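*Asks:* Dropping in protein.cif, with mmCIF, C-alpha atoms.
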data_data
#
loop_
_atom_site.label_atom_id
_atom_site.label_comp_id
_atom_site.auth_asym_id
_atom_site.auth_seq_id
_atom_site.Cartn_x
_atom_site.Cartn_y
_atom_site.Cartn_z
CA MET A 1 87.82 134.56 -25.79
CA ARG A 2 90.39 132.70 -23.70
CA LYS A 3 91.70 131.08 -26.87
CA GLY A 4 92.38 134.55 -28.26
CA VAL A 5 94.38 135.42 -25.16
CA ALA A 6 96.47 132.28 -25.66
CA ILE A 7 97.26 133.33 -29.21
CA LEU A 8 98.45 136.75 -28.08
CA THR A 9 100.59 135.15 -25.40
CA VAL A 10 102.29 132.85 -27.88
CA ALA A 11 102.95 135.68 -30.32
CA GLY A 12 104.33 137.95 -27.64
CA LEU A 13 106.59 135.32 -26.14
CA LEU A 14 107.95 133.88 -29.34
CA GLY A 15 108.49 136.85 -31.60
CA THR A 16 111.89 137.62 -30.11
CA VAL A 17 112.89 133.97 -29.91
CA THR A 18 112.15 133.38 -33.58
CA THR A 19 114.22 136.41 -34.57
CA ALA A 20 117.12 135.13 -32.48
CA ALA A 21 116.90 131.68 -34.04
CA ALA A 22 116.89 133.15 -37.51
CA ALA A 23 119.92 135.29 -36.71
CA ALA A 24 121.80 132.27 -35.43
CA ASP A 25 121.38 130.35 -38.68
CA THR A 26 122.22 131.14 -42.26
CA LYS A 27 119.07 132.57 -43.74
CA SER A 28 117.30 129.94 -45.77
CA PRO A 29 113.81 129.28 -47.15
CA VAL A 30 113.47 126.42 -44.67
CA GLN A 31 114.36 128.64 -41.71
CA ASP A 32 111.96 131.29 -42.99
CA SER A 33 109.17 128.71 -43.17
CA LEU A 34 109.84 127.58 -39.58
CA ASN A 35 109.82 131.18 -38.40
CA ALA A 36 106.47 131.69 -40.13
CA LEU A 37 105.01 128.59 -38.46
CA VAL A 38 105.76 130.24 -35.12
CA SER A 39 105.05 133.91 -35.86
CA GLN A 40 102.05 133.50 -38.20
CA GLU A 41 100.51 130.13 -37.31
CA LYS A 42 101.28 130.48 -33.57
CA PHE A 43 102.90 127.08 -33.06
CA PRO A 44 105.05 127.32 -29.92
CA ALA A 45 108.02 125.69 -31.68
CA ALA A 46 108.98 124.19 -35.02
CA LEU A 47 111.84 121.79 -35.75
CA ALA A 48 113.18 120.56 -39.08
CA TRP A 49 115.88 118.20 -40.29
CA VAL A 50 116.82 118.16 -43.97
CA GLY A 51 119.28 115.70 -45.46
CA ASP A 52 120.59 114.46 -48.79
CA ARG A 53 123.57 112.46 -49.94
CA GLY A 54 125.78 115.51 -49.40
CA GLY A 55 124.94 116.10 -45.74
CA SER A 56 122.22 117.38 -43.44
CA THR A 57 121.09 120.36 -41.41
CA SER A 58 118.87 120.82 -38.36
CA LEU A 59 116.88 124.03 -37.81
CA VAL A 60 114.53 125.29 -35.10
CA ALA A 61 112.27 128.24 -34.33
CA GLY A 62 110.23 129.34 -31.32
CA SER A 63 110.50 128.29 -27.70
CA ALA A 64 110.50 124.86 -26.10
CA ARG A 65 108.02 126.14 -23.50
CA LEU A 66 105.14 128.60 -23.42
CA ASP A 67 105.59 129.80 -19.84
CA ARG A 68 109.14 131.02 -20.41
CA ARG A 69 111.72 131.33 -23.14
CA VAL A 70 113.64 128.06 -23.51
CA PRO A 71 115.79 127.19 -26.53
CA VAL A 72 114.28 124.52 -28.74
CA PRO A 73 116.57 121.46 -28.79
CA ARG A 74 117.78 120.83 -32.30
CA ASP A 75 116.34 117.56 -33.56
CA GLY A 76 114.56 117.14 -30.22
CA ARG A 77 112.39 114.16 -29.45
CA VAL A 78 108.65 114.42 -30.07
CA ARG A 79 105.68 112.09 -30.06
CA ALA A 80 105.62 110.62 -33.56
CA GLY A 81 101.93 109.68 -33.67
CA SER A 82 100.87 107.90 -36.84
CA ASN A 83 104.38 107.66 -38.23
CA THR A 84 104.22 104.50 -36.12
CA LYS A 85 102.04 103.00 -38.86
CA THR A 86 104.98 102.87 -41.26
CA PHE A 87 106.98 100.87 -38.70
CA THR A 88 104.05 98.52 -38.11
CA ALA A 89 103.47 98.01 -41.83
CA VAL A 90 107.16 97.24 -42.38
CA VAL A 91 107.05 94.47 -39.76
CA VAL A 92 103.94 92.94 -41.33
CA LEU A 93 105.57 93.03 -44.76
CA GLN A 94 108.73 91.45 -43.36
CA LEU A 95 106.53 88.62 -42.09
CA VAL A 96 105.04 88.38 -45.58
CA ALA A 97 108.57 88.07 -47.01
CA GLU A 98 109.29 85.32 -44.47
CA GLY A 99 106.20 83.38 -45.61
CA ARG A 100 104.50 83.75 -42.24
CA VAL A 101 101.73 86.12 -43.39
CA GLU A 102 99.80 86.30 -46.67
CA LEU A 103 99.03 89.85 -47.72
CA ASP A 104 95.73 88.98 -49.37
CA ALA A 105 94.58 86.45 -46.79
CA PRO A 106 91.67 87.40 -44.52
CA ILE A 107 92.56 88.69 -41.08
CA GLU A 108 90.37 85.84 -39.81
CA LYS A 109 93.23 83.46 -40.63
CA TYR A 110 95.45 85.12 -38.03
CA LEU A 111 92.95 86.50 -35.51
CA PRO A 112 90.08 84.00 -35.65
CA GLY A 113 86.76 85.13 -34.26
CA LEU A 114 88.07 88.55 -33.22
CA VAL A 115 86.84 90.88 -35.97
CA ARG A 116 83.05 90.84 -35.77
CA GLY A 117 80.36 93.51 -35.73
CA GLU A 118 77.52 95.05 -37.67
CA GLY A 119 78.60 94.68 -41.29
CA ILE A 120 82.02 93.53 -40.04
CA ASP A 121 83.46 90.06 -40.65
CA GLY A 122 87.12 89.10 -40.43
CA HIS A 123 86.58 86.60 -43.25
CA ALA A 124 85.95 89.51 -45.65
CA ILE A 125 88.82 91.84 -44.63
CA THR A 126 92.34 91.16 -45.88
CA VAL A 127 95.67 92.04 -44.33
CA ARG A 128 96.31 94.36 -47.29
CA GLN A 129 93.04 96.20 -46.65
CA LEU A 130 94.06 96.81 -43.05
CA LEU A 131 97.41 98.29 -44.06
CA GLN A 132 95.85 100.38 -46.84
CA HIS A 133 92.86 101.73 -44.85
CA THR A 134 90.34 100.13 -47.22
CA SER A 135 88.79 97.75 -44.66
CA GLY A 136 85.77 99.89 -43.74
CA LEU A 137 86.42 99.39 -40.03
CA PRO A 138 85.23 102.22 -37.75
CA ASN A 139 87.97 104.30 -36.15
CA TYR A 140 88.25 103.60 -32.41
CA THR A 141 89.63 107.07 -31.71
CA ALA A 142 86.20 108.47 -32.52
CA TYR A 143 84.73 106.61 -29.53
CA ILE A 144 87.18 106.81 -26.61
CA GLY A 145 86.88 110.49 -25.70
CA VAL A 146 90.23 111.80 -27.00
CA GLU A 147 88.55 115.02 -28.09
CA ASN A 148 88.41 115.85 -24.37
CA PHE A 149 92.14 115.50 -23.87
CA GLU A 150 92.29 116.40 -20.18
CA ASP A 151 89.92 113.55 -19.36
CA VAL A 152 92.09 110.88 -21.01
CA GLN A 153 95.57 112.43 -20.72
CA HIS A 154 96.69 110.00 -18.03
CA GLU A 155 94.39 107.07 -18.81
CA PHE A 156 95.85 103.69 -19.75
CA PHE A 157 94.07 101.83 -22.57
CA GLN A 158 94.28 98.10 -23.36
CA PRO A 159 94.33 97.19 -27.09
CA HIS A 160 91.33 94.89 -26.83
CA ASP A 161 89.30 97.65 -25.14
CA LEU A 162 90.14 99.96 -28.03
CA LEU A 163 89.09 97.28 -30.50
CA ALA A 164 85.83 96.74 -28.62
CA ALA A 165 85.09 100.48 -28.83
CA ALA A 166 85.44 100.31 -32.62
CA LEU A 167 83.54 97.07 -33.19
CA ALA A 168 80.57 98.34 -31.17
CA HIS A 169 79.81 100.50 -34.23
CA PRO A 170 78.82 99.46 -37.76
CA ALA A 171 81.21 99.22 -40.67
CA GLU A 172 81.80 102.47 -42.56
CA PHE A 173 81.69 100.70 -45.94
CA ALA A 174 82.19 97.28 -47.54
CA PRO A 175 85.84 96.16 -47.53
CA GLY A 176 87.79 97.27 -50.58
CA THR A 177 85.20 99.73 -51.87
CA LYS A 178 86.82 102.99 -50.74
CA TRP A 179 89.62 104.52 -48.66
CA GLU A 180 89.10 105.95 -45.18
CA TYR A 181 91.71 106.42 -42.49
CA SER A 182 91.11 104.30 -39.39
CA ASN A 183 93.48 103.64 -36.51
CA THR A 184 91.63 100.37 -35.92
CA ASN A 185 93.35 98.91 -38.97
CA TYR A 186 96.77 99.29 -37.37
CA LEU A 187 95.59 98.23 -33.95
CA LEU A 188 94.71 94.92 -35.63
CA ALA A 189 97.99 94.87 -37.54
CA GLY A 190 99.78 95.09 -34.19
CA LEU A 191 97.72 92.20 -32.80
CA LEU A 192 98.52 90.23 -35.98
CA ILE A 193 102.25 90.76 -35.42
CA GLU A 194 101.96 89.54 -31.84
CA ARG A 195 99.93 86.46 -32.81
CA VAL A 196 102.28 85.42 -35.61
CA THR A 197 105.58 86.10 -33.80
CA GLY A 198 104.50 85.27 -30.26
CA ARG A 199 106.27 88.45 -29.12
CA PRO A 200 105.17 92.00 -28.14
CA VAL A 201 104.69 94.36 -31.08
CA GLN A 202 106.99 96.96 -29.51
CA GLU A 203 109.81 94.40 -29.38
CA GLN A 204 109.29 93.45 -33.01
CA ILE A 205 109.25 97.09 -34.15
CA THR A 206 112.40 97.80 -32.13
CA HIS A 207 114.40 94.85 -33.47
CA ARG A 208 113.06 94.73 -37.00
CA VAL A 209 112.83 98.44 -37.86
CA ILE A 210 114.39 100.83 -35.32
CA GLU A 211 117.64 98.88 -34.89
CA LYS A 212 117.80 97.76 -38.51
CA ALA A 213 117.47 101.35 -39.75
CA GLY A 214 120.08 102.56 -37.26
CA LEU A 215 117.72 104.99 -35.52
CA ARG A 216 119.26 106.42 -32.36
CA ASP A 217 116.42 108.43 -30.82
CA THR A 218 113.29 106.45 -31.61
CA TYR A 219 111.66 104.25 -29.00
CA TRP A 220 108.36 102.75 -27.88
CA PRO A 221 107.43 104.02 -24.39
CA GLN A 222 107.06 101.22 -21.88
CA PRO A 223 103.65 100.75 -20.20
CA GLY A 224 103.10 103.53 -17.70
CA ASP A 225 105.83 105.80 -19.08
CA GLN A 226 104.13 109.14 -19.71
CA THR A 227 107.32 111.13 -20.26
CA ILE A 228 109.47 111.92 -23.28
CA GLN A 229 113.01 110.83 -22.51
CA GLY A 230 115.93 112.95 -23.67
CA PRO A 231 115.95 116.55 -24.99
CA HIS A 232 112.51 117.60 -26.18
CA PRO A 233 110.27 120.64 -26.58
CA HIS A 234 107.02 120.73 -24.65
CA GLY A 235 103.83 120.04 -26.57
CA TYR A 236 100.50 121.81 -26.11
CA ALA A 237 96.89 120.79 -26.70
CA LEU A 238 93.32 121.97 -26.31
CA ALA A 239 92.00 120.68 -23.01
CA ASN A 240 88.60 119.76 -24.42
CA SER A 241 86.30 120.07 -27.39
CA THR A 242 85.18 123.59 -26.44
CA GLY A 243 88.59 124.92 -27.54
CA THR A 244 88.82 127.52 -24.78
CA LYS A 245 91.78 126.21 -22.76
CA VAL A 246 95.29 125.13 -23.74
CA VAL A 247 97.23 122.70 -21.52
CA ASP A 248 100.73 121.24 -21.48
CA ALA A 249 100.40 117.85 -23.18
CA THR A 250 104.04 116.77 -22.95
CA GLU A 251 103.35 114.14 -20.33
CA MET A 252 100.53 111.81 -21.29
CA ASP A 253 99.77 108.12 -21.52
CA PRO A 254 100.17 107.21 -25.21
CA SER A 255 98.68 103.73 -24.87
CA TRP A 256 95.65 104.64 -26.96
CA GLY A 257 98.05 105.05 -29.89
CA GLY A 258 99.53 101.55 -29.73
CA ALA A 259 100.68 100.11 -33.06
CA ALA A 260 98.87 103.00 -34.72
CA GLY A 261 100.66 105.85 -32.98
CA GLN A 262 102.73 105.25 -29.83
CA LEU A 263 106.34 105.87 -30.91
CA ILE A 264 108.60 108.72 -29.81
CA SER A 265 111.16 109.91 -32.34
CA THR A 266 113.00 112.92 -33.80
CA PRO A 267 112.69 114.72 -37.15
CA SER A 268 115.96 113.16 -38.33
CA ASP A 269 115.00 109.61 -37.36
CA LEU A 270 111.63 109.92 -39.07
CA ALA A 271 113.33 111.14 -42.23
CA ARG A 272 115.98 108.43 -42.02
CA VAL A 273 113.55 105.54 -41.68
CA ASP A 274 111.80 106.61 -44.90
CA ARG A 275 115.18 106.96 -46.59
CA ALA A 276 116.20 103.46 -45.42
CA LEU A 277 112.90 102.08 -46.65
CA LEU A 278 113.24 103.51 -50.16
CA GLU A 279 116.83 102.33 -50.34
CA GLY A 280 115.70 98.74 -49.73
CA LYS A 281 117.32 98.37 -46.32
CA LEU A 282 114.14 97.26 -44.53
CA LEU A 283 112.22 95.18 -47.09
CA PRO A 284 112.98 92.92 -50.05
CA PRO A 285 112.09 94.45 -53.47
CA ALA A 286 108.84 92.48 -53.83
CA GLN A 287 107.42 93.67 -50.51
CA LEU A 288 108.61 97.24 -51.03
CA ALA A 289 106.79 97.22 -54.37
CA GLU A 290 103.60 96.06 -52.62
CA MET A 291 104.02 98.81 -50.03
CA ARG A 292 104.14 101.40 -52.82
CA LYS A 293 100.98 100.25 -54.62
CA THR A 294 98.65 103.15 -53.88
CA VAL A 295 95.02 104.17 -53.88
CA ASP A 296 93.68 107.72 -53.83
CA ALA A 297 93.72 109.19 -50.32
CA PRO A 298 91.78 112.47 -50.57
CA LEU A 299 93.08 114.15 -47.41
CA PHE A 300 94.81 116.71 -49.65
CA PRO A 301 94.87 117.10 -53.46
CA GLY A 302 96.96 114.47 -55.19
CA TRP A 303 97.71 112.39 -52.09
CA GLN A 304 97.76 108.61 -52.39
CA TYR A 305 98.22 105.84 -49.81
CA GLY A 306 100.14 102.61 -50.09
CA LEU A 307 100.69 100.22 -47.19
CA GLY A 308 101.66 102.48 -44.30
CA LEU A 309 102.97 105.21 -46.62
CA PHE A 310 101.57 108.32 -48.26
CA ARG A 311 102.71 109.35 -51.74
CA VAL A 312 102.72 113.17 -51.73
CA PRO A 313 103.26 115.38 -54.82
CA LEU A 314 105.85 118.19 -54.65
CA SER A 315 105.47 121.67 -56.10
CA CYS A 316 108.86 121.31 -57.79
CA GLY A 317 107.89 118.04 -59.45
CA GLY A 318 108.10 114.45 -58.33
CA VAL A 319 106.84 113.05 -55.04
CA TYR A 320 107.98 112.11 -51.58
CA TRP A 321 107.05 109.04 -49.60
CA GLY A 322 106.33 109.30 -45.87
CA HIS A 323 103.55 109.28 -43.35
CA GLY A 324 103.23 111.97 -40.72
CA GLY A 325 101.55 111.90 -37.36
CA ASP A 326 99.07 113.87 -35.24
CA ILE A 327 98.88 113.29 -31.51
CA ASP A 328 97.99 115.76 -28.78
CA GLY A 329 100.93 118.14 -28.40
CA TYR A 330 102.75 117.36 -31.65
CA GLU A 331 102.35 117.17 -35.40
CA THR A 332 105.06 115.58 -37.56
CA ARG A 333 105.41 115.52 -41.35
CA GLY A 334 108.04 114.55 -43.90
CA GLY A 335 109.52 111.63 -45.80
CA ALA A 336 112.03 110.85 -48.53
CA THR A 337 112.38 111.12 -52.30
CA GLU A 338 113.88 108.74 -54.84
CA ASP A 339 116.88 111.02 -55.39
CA GLY A 340 118.09 110.78 -51.80
CA ARG A 341 116.57 113.86 -50.13
CA SER A 342 114.79 113.38 -46.81
CA VAL A 343 112.92 115.75 -44.53
CA GLY A 344 111.49 115.57 -41.03
CA LEU A 345 109.45 118.42 -39.54
CA ALA A 346 107.65 118.79 -36.22
CA VAL A 347 105.54 121.44 -34.54
CA THR A 348 104.57 121.41 -30.87
CA ALA A 349 100.79 121.56 -31.15
CA LEU A 350 98.15 120.22 -33.48
CA PRO A 351 96.87 122.64 -36.12
CA GLY A 352 93.93 124.51 -34.63
CA THR A 353 95.30 124.65 -31.10
CA PHE A 354 96.25 128.32 -31.53
CA GLY A 355 94.54 129.34 -34.75
CA ASP A 356 92.73 128.22 -37.88
CA PRO A 357 93.27 124.44 -38.24
CA GLU A 358 93.08 124.25 -42.04
CA LYS A 359 95.39 127.21 -42.56
CA ALA A 360 97.91 125.89 -40.03
CA ALA A 361 97.86 122.36 -41.46
CA LYS A 362 98.51 123.69 -44.96
CA ALA A 363 101.35 125.85 -43.63
CA VAL A 364 103.05 122.79 -42.13
CA LEU A 365 102.78 120.92 -45.43
CA SER A 366 104.04 123.97 -47.29
CA ALA A 367 107.09 124.08 -45.00
CA VAL A 368 107.80 120.41 -45.80
CA ASP A 369 107.45 121.15 -49.52
CA THR A 370 109.88 124.07 -49.13
CA ALA A 371 112.39 121.78 -47.41
CA PHE A 372 112.23 119.30 -50.26
CA CYS A 373 112.23 121.84 -53.08
CA SER A 374 114.61 124.59 -51.91
#
Mind turning the file's structure into structure tokens?
*Replies:*
Amino acid sequence: MRKGVAILTVAGLLGTVTTAAAAADTKSPVQDSLNALVSQEKFPAALAWVGDRGGSTSLVAGSARLDRRVPVPRDGRVRAGSNTKTFTAVVVLQLVAEGRVELDAPIEKYLPGLVRGEGIDGHAITVRQLLQHTSGLPNYTAYIGVENFEDVQHEFFQPHDLLAAALAHPAEFAPGTKWEYSNTNYLLAGLLIERVTGRPVQEQITHRVIEKAGLRDTYWPQPGDQTIQGPHPHGYALANSTGTKVVDATEMDPSWGGAAGQLISTPSDLARVDRALLEGKLLPPAQLAEMRKTVDAPLFPGWQYGLGLFRVPLSCGGVYWGHGGDIDGYETRGGATEDGRSVGLAVTALPGTFGDPEKAAKAVLSAVDTAFCS
């Protein structure tokens, strides 16, 4: 019942704000879709950035806070969640291009003795399988209590503790036999980067991807930093698995995300990094081609997964390449197309925080599709 009260509160607070935001902008299908994410799906706020070779626009709807009306900062910073995986995959593939990593070598070659468990052997899992989620490794996030957000909101996690939580459970399937999303794959990719370069993964991502792509508002929070620096909307999450209480999730320790999900970014930066990637600014042609070799990824109809990238079909024809991220308080979606269009979209709660999760998730994807196709 308390969840129902929260929904009414969001609708009552944001209805006027959404109308004001719509009035301030030229009416557009993209603005309409953001308004609907707030008014119909009950997300506190929605932000979008849409660009092509002719220019760009930034749109918002809702309120930056639930407790009072606060304008949503255009292109505000949000927790980027699993978009981090694209950055991590790019660094690994740069190391492949430099001859320092072999894509089809076993992870045992780089992290000897580390990947062991019931049905798990680092000799049998390749670097490619880690990046493509075909390793069969159990997902550590299923075993560290993140479903009870309030209990872990301010807890610091070490990467090797996260790995131990995963490897205490049996393999999901034999390597290379199917696709299943697992954050453990990218936790190991981050450890691989550190072993090969002798430097922290956050430093390598910053120098090799963020700076190279010219991103201005993307950064890896330093250990202990639970804030979001710069203009940002607040994010909201269910306090626990009972789904009866919503809490402010803006400040949290993101260490459990690591190389799989720790970055902070903006809709425009997330769109720009995918654009830079497709334009060949981050990888040589051979490694970009490997990144775009896909397998079926049945999260949604027609989706496929490469190495740190989803290939997503568009209703207007063609596809976009991107990733997306879910972390308590924020969901981000978007990517770039071959013809130069790029989209970044964020909402300030995970689908299901204030309503039906499947309906809300589909509405977010529909808004991204609208931004690409309108």
*Asks:* Take every atom of range 342-361 of chain A listed in the file, pad by 3 Å on each side, and give me the axis-aligned box centre and edge lengths in Å, one decimal, as lines of an AutoDock Vina configuration file.
*Replies:*
center_x = 103.8
center_y = 121.4
center_z = -38.8
size_x = 28.1
size_y = 22.0
size_z = 21.9
*Asks:* Using the chain letters and residue numbers of this document, give as a PyMOL selection string the residues selected by the PyMOL selection byres ((chain A and resi 201) around 12).
*Replies:* chain A and resi 84-85+87-92+159+186-200+202-209+220+222+258-260+262-263
*Asks:* Could you turn the residues from that selection into a file that holds C-alpha atoms, as a PDB file, in the coordinates of the input?
*Replies:*
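The file below, out08.pdb, is the result:
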ATOM      1  CA  THR A  84     104.220 104.500 -36.120  1.00  0.00           C
ATOM      2  CA  LYS A  85     102.040 103.000 -38.860  1.00  0.00           C
ATOM      3  CA  PHE A  87     106.980 100.870 -38.700  1.00  0.00           C
ATOM      4  CA  THR A  88     104.050  98.520 -38.110  1.00  0.00           C
ATOM      5  CA  ALA A  89     103.470  98.010 -41.830  1.00  0.00           C
ATOM      6  CA  VAL A  90     107.160  97.240 -42.380  1.00  0.00           C
ATOM      7  CA  VAL A  91     107.050  94.470 -39.760  1.00  0.00           C
ATOM      8  CA  VAL A  92     103.940  92.940 -41.330  1.00  0.00           C
ATOM      9  CA  PRO A 159      94.330  97.190 -27.090  1.00  0.00           C
ATOM     10  CA  TYR A 186      96.770  99.290 -37.370  1.00  0.00           C
ATOM     11  CA  LEU A 187      95.590  98.230 -33.950  1.00  0.00           C
ATOM     12  CA  LEU A 188      94.710  94.920 -35.630  1.00  0.00           C
ATOM     13  CA  ALA A 189      97.990  94.870 -37.540  1.00  0.00           C
ATOM     14  CA  GLY A 190      99.780  95.090 -34.190  1.00  0.00           C
ATOM     15  CA  LEU A 191      97.720  92.200 -32.800  1.00  0.00           C
ATOM     16  CA  LEU A 192      98.520  90.230 -35.980  1.00  0.00           C
ATOM     17  CA  ILE A 193     102.250  90.760 -35.420  1.00  0.00           C
ATOM     18  CA  GLU A 194     101.960  89.540 -31.840  1.00  0.00           C
ATOM     19  CA  ARG A 195      99.930  86.460 -32.810  1.00  0.00           C
ATOM     20  CA  VAL A 196     102.280  85.420 -35.610  1.00  0.00           C
ATOM     21  CA  THR A 197     105.580  86.100 -33.800  1.00  0.00           C
ATOM     22  CA  GLY A 198     104.500  85.270 -30.260  1.00  0.00           C
ATOM     23  CA  ARG A 199     106.270  88.450 -29.120  1.00  0.00           C
ATOM     24  CA  PRO A 200     105.170  92.000 -28.140  1.00  0.00           C
ATOM     25  CA  GLN A 202     106.990  96.960 -29.510  1.00  0.00           C
ATOM     26  CA  GLU A 203     109.810  94.400 -29.380  1.00  0.00           C
ATOM     27  CA  GLN A 204     109.290  93.450 -33.010  1.00  0.00           C
ATOM     28  CA  ILE A 205     109.250  97.090 -34.150  1.00  0.00           C
ATOM     29  CA  THR A 206     112.400  97.800 -32.130  1.00  0.00           C
ATOM     30  CA  HIS A 207     114.400  94.850 -33.470  1.00  0.00           C
ATOM     31  CA  ARG A 208     113.060  94.730 -37.000  1.00  0.00           C
ATOM     32  CA  VAL A 209     112.830  98.440 -37.860  1.00  0.00           C
ATOM     33  CA  TRP A 220     108.360 102.750 -27.880  1.00  0.00           C
ATOM     34  CA  GLN A 222     107.060 101.220 -21.880  1.00  0.00           C
ATOM     35  CA  GLY A 258      99.530 101.550 -29.730  1.00  0.00           C
ATOM     36  CA  ALA A 259     100.680 100.110 -33.060  1.00  0.00           C
ATOM     37  CA  ALA A 260      98.870 103.000 -34.720  1.00  0.00           C
ATOM     38  CA  GLN A 262     102.730 105.250 -29.830  1.00  0.00           C
ATOM     39  CA  LEU A 263     106.340 105.870 -30.910  1.00  0.00           C
TER      40      LEU A 263
END
*Asks:* Dig up all the protein and nucleic acid residues within 12 Å of (99.0, 121.8, -38.2) in the file frame, using all atoms listed in the file, and format them as a PyMOL selection string.
*Replies:* chain A and resi 37-38+41-46+237+324-333+345-368
*Asks:* Assuming the chain letters and numbering stay as they are in my file, what does the PyMOL selection byres ((chain A and resi 231) around 8) actually select? List them as a ChimeraX atom specification.
*Replies:* /A:73,76-77,229-230,232-233
*Asks:* For Glu279 in chain A, list every protein, DNA or RNA residue within 9 Å, evaluated using all atoms listed in the file, and leave out those in the same chain fewer than 4 positions away; present the list as a list in words.
*Replies:*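 Near neighbours after the sequence-gap exclusion: Asp274, Arg275, Glu338 and Gly340 of chain A.
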*Asks:* Can you translate the PyMOL selection byres ((chain A and resi 297) around 10) into the concrete residues it hits in this file, as a list in words?
*Replies:*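 Output from the PyMOL selection byres ((chain A and resi 297) around 10), applied to this file: Gln132, His133, Lys178, Trp179, Glu180, Tyr181, Thr294, Val295, Asp296, Pro298, Leu299, Phe300, Pro301, Gly302, Trp303, Gln304, Tyr305, Gly306, Phe310, Arg311 and Val312 of chain A.
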*Asks:* Between A:Ala171, A:Leu131, A:Ala249, A:Arg79, which is the closest to Gly119 in chain A once you count only C-alpha atoms?
*Replies:*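 Smallest separation from Gly119 in chain A among the options: A:Ala171.
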*Asks:* Looking at A:Ser255, A:Val247, A:Ala239, A:Ala142, which one is nearest to His160 in chain A, with distances taken over all atoms listed in the file?
*Replies:*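 Answer, going by the shortest atom-to-atom distance: A:Ser255.
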*Asks:* Using all atoms listed in the file, pick whichever of A:Gly322, A:Gly335, A:Gly122, A:Gly257 has the shortest atom-to-atom distance to Pro175 in chain A.
*Replies:*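 Distance minimum relative to Pro175 in chain A lands on A:Gly122.
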*Asks:* Determine the nearest neighbour of Gln129 in chain A from the options A:Asp67, A:Tyr320, A:Thr266, A:Ala174, counting only C-alpha atoms.
*Replies:*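 Distance minimum relative to Gln129 in chain A lands on A:Ala174.
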*Asks:* Determine the nearest neighbour of Asp253 in chain A from the options A:Gly235, A:Pro106, A:Gly317, A:Gly224, counting all atoms listed in the file.
*Replies:*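 Checking each of A:Gly235, A:Pro106, A:Gly317, A:Gly224 against Asp253 in chain A, counting all atoms listed in the file, the winner is A:Gly224.
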*Asks:* So that I can see what lies close to Ser342 in chain A, please list as a PyMOL selection string the residues with an atom at most 8 Å from it, counting all atoms listed in the file and leaving out residues fewer than 5 positions away in the same chain.
*Replies:* chain A and resi 50-52+271-272+274-275+334-337+372
*Asks:* CA of Glu102 in chain A to CA of Thr126 in chain A: how many Å, to one decimal?
*Replies:* 8.9 Å
*Asks:* Would you kindly identify which residues have an atom no farther than 12 Å from (92.6, 111.5, -20.7), using all atoms listed in the file and the file's own coordinates, and write them out as a PyMOL selection string?
*Replies:* chain A and resi 144-157+226+237-240+249+251-256+328
*Asks:* CA of Arg100 in chain A and CA of Leu167 in chain A, how far apart in Å?
*Replies:*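 Between CA of Leu167 in chain A and CA of Arg100 in chain A the gap is 26.4 Å.
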